[in-house]
Amino acid sequence: MGTAVGGGRSVPRYVQIADEIVQQIRAGVLKPGDMVPSESELVDRYGVAGGTIRKAMVEVRASGLVETRHGKGSLVKARPPVRHRSSDRFRRSHRKGGKAAYLAESEQAGATAKVSVLFIGPADAPDDISERLGVDAGDKVLARRRLYFRNGTPVETATSYLPWDVVKDIPELFSENPGPGGIYARLEDDGHIFAEFVETLQARPASKAESSELALSPGAPVVHLIRDAVTEEGRVVEVCDTLMAADQFVFSYRIPAAD
């Protein structure tokens, strides 16, 4: 089989196959939890080479509707991606209600969330982090590294860096569970009232180590997000360096049009 022609433009066969698989998922022919047919099954079904099927599956994975597990193949996801709402997830009302941002947004998406703490303790501030925090490179900061799960699947790693002079008198920030509302609630309890959160995002392929940690296919897309938490006094009291499985998140931003 070659390519289809429509409107004067040819469509590669692998794109046709990917579109058909995606439509089967959306129509419920392939249901949540079902395995996508194997490469050999798809080769037989469509009468194409294995390379064509592999290219098609790259497109299917990019849709965010399936997840691939090493040695097991691809299966249809049980739930849609978590939706990030930047204008909502850091609302003070969430913190006052005892919900940290990740738990609040997961609850809104109907997902089961879990956070595993990998490290808490003093660290030397990396160059790029120290510049954001307004401290010297190598100065002592508090590092909090976490691995986030959604419905049992690792979807995100995050490391928070906080200036030592800010955290040294807030003992909850040295605990695995800093209490209701998370670290932002504890900072505000101590008088560091937030004015805004500034985020920078970059999409790129995952490294080998990152793919392993997030149970992704080699080279799968990730979103590298860095967030500055800025107080009313204009000080950055936390920088959060986050890596997210791109197929697990949808980012939705509200951007004012007025001056």
# chains A, B, ... in the order shown; residues from 1 in each chain; ligands from 1
>>> residues_around(residues="A:Glu67", least_positions_apart="6", cutoff="7 Å", atoms="only C-alpha atoms", output="PyMOL selection string")
chain A and resi 61+74-77
>>> select_by_dssp(residues="stretch 52-245 of chain A", states="helix (DSSP H, G or I)", output="PyMOL selection string")
chain A and resi 52-62+92-96+101-108+127-133+164-167+171-174+182-189+208-213
>>> residues_around(residues="A:Ile183", least_positions_apart="3", cutoff="10 Å", atoms="only C-alpha atoms", output="tab-separated table (two decimals) with C-alpha atoms, in the first residue's frame")
chain	number	residue	atom	x	y	z
A	95	ARG	CA	-3.76	25.77	50.46
A	100	ALA	CA	-1.16	21.03	47.76
A	144	ARG	CA	13.28	18.59	48.49
A	160	SER	CA	12.36	22.36	45.25
A	170	ILE	CA	10.40	26.26	59.68
A	172	GLU	CA	7.93	21.33	58.85
A	173	LEU	CA	9.89	21.95	55.64
A	174	PHE	CA	12.42	19.31	56.71
A	175	SER	CA	9.69	16.68	57.08
A	177	ASN	CA	4.94	15.59	54.99
A	178	PRO	CA	5.07	19.36	55.57
A	179	GLY	CA	1.41	19.39	56.55
A	180	PRO	CA	-1.90	20.48	54.96
A	186	ARG	CA	4.01	26.56	55.56
A	187	LEU	CA	5.90	29.43	53.93
A	188	GLU	CA	2.82	31.63	54.04
A	189	ASP	CA	2.24	30.65	57.68
A	238	GLU	CA	11.46	28.66	46.18
>>> residues_around(residues="stretch 245-254 of chain A", least_positions_apart="5", cutoff="9 Å", atoms="only C-alpha atoms", output="list in words")
Arg61, Ala62, Ser63, Gly64, Leu65, Val66, Glu67, Pro80, Pro81, Val82, Arg83, His84, Arg85, Ser86, Ser87, Arg150, Pro154, Val155, Glu156, Ala203, Ala206, Ser211, Leu214, Leu216, Ala220, Pro221, Val222 and Val223 of chain A
>>> write_last_selection(atoms="N, CA and C atoms", output="short mmCIF file (atom, residue, chain, number, x, y, z; two decimals), in the first residue's frame")
data_model
loop_
_atom_site.label_atom_id
_atom_site.label_comp_id
_atom_site.auth_asym_id
_atom_site.auth_seq_id
_atom_site.Cartn_x
_atom_site.Cartn_y
_atom_site.Cartn_z
N ARG A 61 1.51 7.27 20.18
CA ARG A 61 1.97 7.66 21.51
C ARG A 61 1.91 9.17 21.70
N ALA A 62 2.17 9.91 20.62
CA ALA A 62 2.13 11.37 20.70
C ALA A 62 0.72 11.89 20.98
N SER A 63 -0.29 11.08 20.72
CA SER A 63 -1.67 11.49 20.97
C SER A 63 -1.99 11.56 22.46
N GLY A 64 -1.16 10.90 23.29
CA GLY A 64 -1.39 10.88 24.72
C GLY A 64 -2.44 9.89 25.16
N LEU A 65 -2.90 9.02 24.25
CA LEU A 65 -3.97 8.08 24.57
C LEU A 65 -3.46 6.72 25.00
N VAL A 66 -2.16 6.46 24.80
CA VAL A 66 -1.60 5.17 25.18
C VAL A 66 -0.33 5.40 25.98
N GLU A 67 0.07 4.38 26.72
CA GLU A 67 1.37 4.40 27.38
C GLU A 67 2.10 3.13 27.03
N PRO A 80 -7.87 10.29 30.95
CA PRO A 80 -7.21 11.34 30.17
C PRO A 80 -6.10 11.98 30.98
N PRO A 81 -5.23 12.75 30.33
CA PRO A 81 -4.15 13.40 31.06
C PRO A 81 -4.67 14.35 32.13
N VAL A 82 -3.82 14.56 33.15
CA VAL A 82 -4.11 15.60 34.14
C VAL A 82 -4.07 16.94 33.42
N ARG A 83 -5.00 17.82 33.75
CA ARG A 83 -4.98 19.17 33.15
C ARG A 83 -4.40 20.14 34.16
N HIS A 84 -3.35 20.82 33.75
CA HIS A 84 -2.75 21.85 34.59
C HIS A 84 -3.46 23.17 34.30
N ARG A 85 -3.93 23.83 35.31
CA ARG A 85 -4.52 25.15 35.16
C ARG A 85 -3.68 26.14 35.96
N SER A 86 -2.84 26.87 35.28
CA SER A 86 -1.91 27.74 36.00
C SER A 86 -2.63 28.82 36.77
N SER A 87 -3.82 29.23 36.31
CA SER A 87 -4.55 30.27 37.02
C SER A 87 -5.33 29.72 38.19
N ARG A 150 0.58 9.00 39.31
CA ARG A 150 -0.84 9.16 38.97
C ARG A 150 -1.39 7.81 38.59
N PRO A 154 4.47 6.60 37.49
CA PRO A 154 5.26 7.81 37.73
C PRO A 154 5.09 8.80 36.57
N VAL A 155 4.76 10.05 36.88
CA VAL A 155 4.49 11.03 35.83
C VAL A 155 5.34 12.29 35.94
N GLU A 156 6.00 12.47 37.09
CA GLU A 156 6.67 13.76 37.30
C GLU A 156 7.71 13.64 38.41
N ALA A 203 9.96 21.82 26.05
CA ALA A 203 9.73 20.42 25.66
C ALA A 203 10.99 19.87 25.02
N ALA A 206 13.40 12.88 26.55
CA ALA A 206 13.93 12.44 27.84
C ALA A 206 15.30 11.79 27.65
N SER A 211 14.06 8.66 31.29
CA SER A 211 13.11 7.68 30.78
C SER A 211 12.92 6.55 31.76
N LEU A 214 10.85 7.72 34.93
CA LEU A 214 9.44 7.96 34.67
C LEU A 214 8.77 6.83 33.89
N LEU A 216 9.28 5.67 30.89
CA LEU A 216 8.93 6.10 29.55
C LEU A 216 9.71 5.32 28.51
N ALA A 220 11.25 9.50 24.79
CA ALA A 220 9.87 10.01 24.86
C ALA A 220 9.89 11.49 25.21
N PRO A 221 8.88 12.25 24.78
CA PRO A 221 8.87 13.68 25.09
C PRO A 221 8.57 13.96 26.56
N VAL A 222 9.28 14.94 27.10
CA VAL A 222 9.04 15.42 28.46
C VAL A 222 8.94 16.93 28.42
N VAL A 223 8.39 17.49 29.47
CA VAL A 223 8.32 18.94 29.64
C VAL A 223 9.17 19.30 30.84
#
>>> closest_residue(among="A:Asp19, A:Asp128, A:Glu41, A:Glu196", to="A:Arg91", atoms="only C-alpha atoms")
A:Glu196
>>> residues_around(residues="stretch 116-120 of chain A", least_positions_apart="6", cutoff="8 Å", atoms="only C-alpha atoms", output="mmCIF file with C-alpha atoms, in the first residue's frame")
data_model
loop_
_atom_site.group_PDB
_atom_site.id
_atom_site.type_symbol
_atom_site.label_atom_id
_atom_site.label_comp_id
_atom_site.auth_asym_id
_atom_site.auth_seq_id
_atom_site.Cartn_x
_atom_site.Cartn_y
_atom_site.Cartn_z
ATOM 1 C CA LEU A 142 17.243 23.147 51.308
ATOM 2 C CA ALA A 143 16.498 20.624 48.546
ATOM 3 C CA ARG A 144 13.282 18.586 48.487
ATOM 4 C CA ARG A 145 13.122 15.986 45.693
ATOM 5 C CA ARG A 146 9.873 14.107 44.992
ATOM 6 C CA LEU A 147 8.509 11.563 42.546
ATOM 7 C CA TYR A 148 4.817 11.933 41.716
ATOM 8 C CA PHE A 149 2.539 9.081 40.697
ATOM 9 C CA PHE A 174 12.415 19.314 56.714
ATOM 10 C CA SER A 175 9.686 16.678 57.078
ATOM 11 C CA GLU A 176 8.451 14.303 54.377
#
>>> atom_distance(atom1="atom CA of A:Val15", atom2="atom CA of A:Thr52")
9.1 Å
>>> residues_around(residues="A:Gln24", least_positions_apart="6", cutoff="12 Å", atoms="only C-alpha atoms", output="PyMOL selection string")
chain A and resi 17-18+30-32+34+36-37+60+65-66+76
>>> select_by_dssp(residues="stretch 107-255 of chain A", states="strand (DSSP E)", output="MDAnalysis selection string")
chainID A and resid 113:124 140:150 153:163 194:205 221:231 236:245 249:252
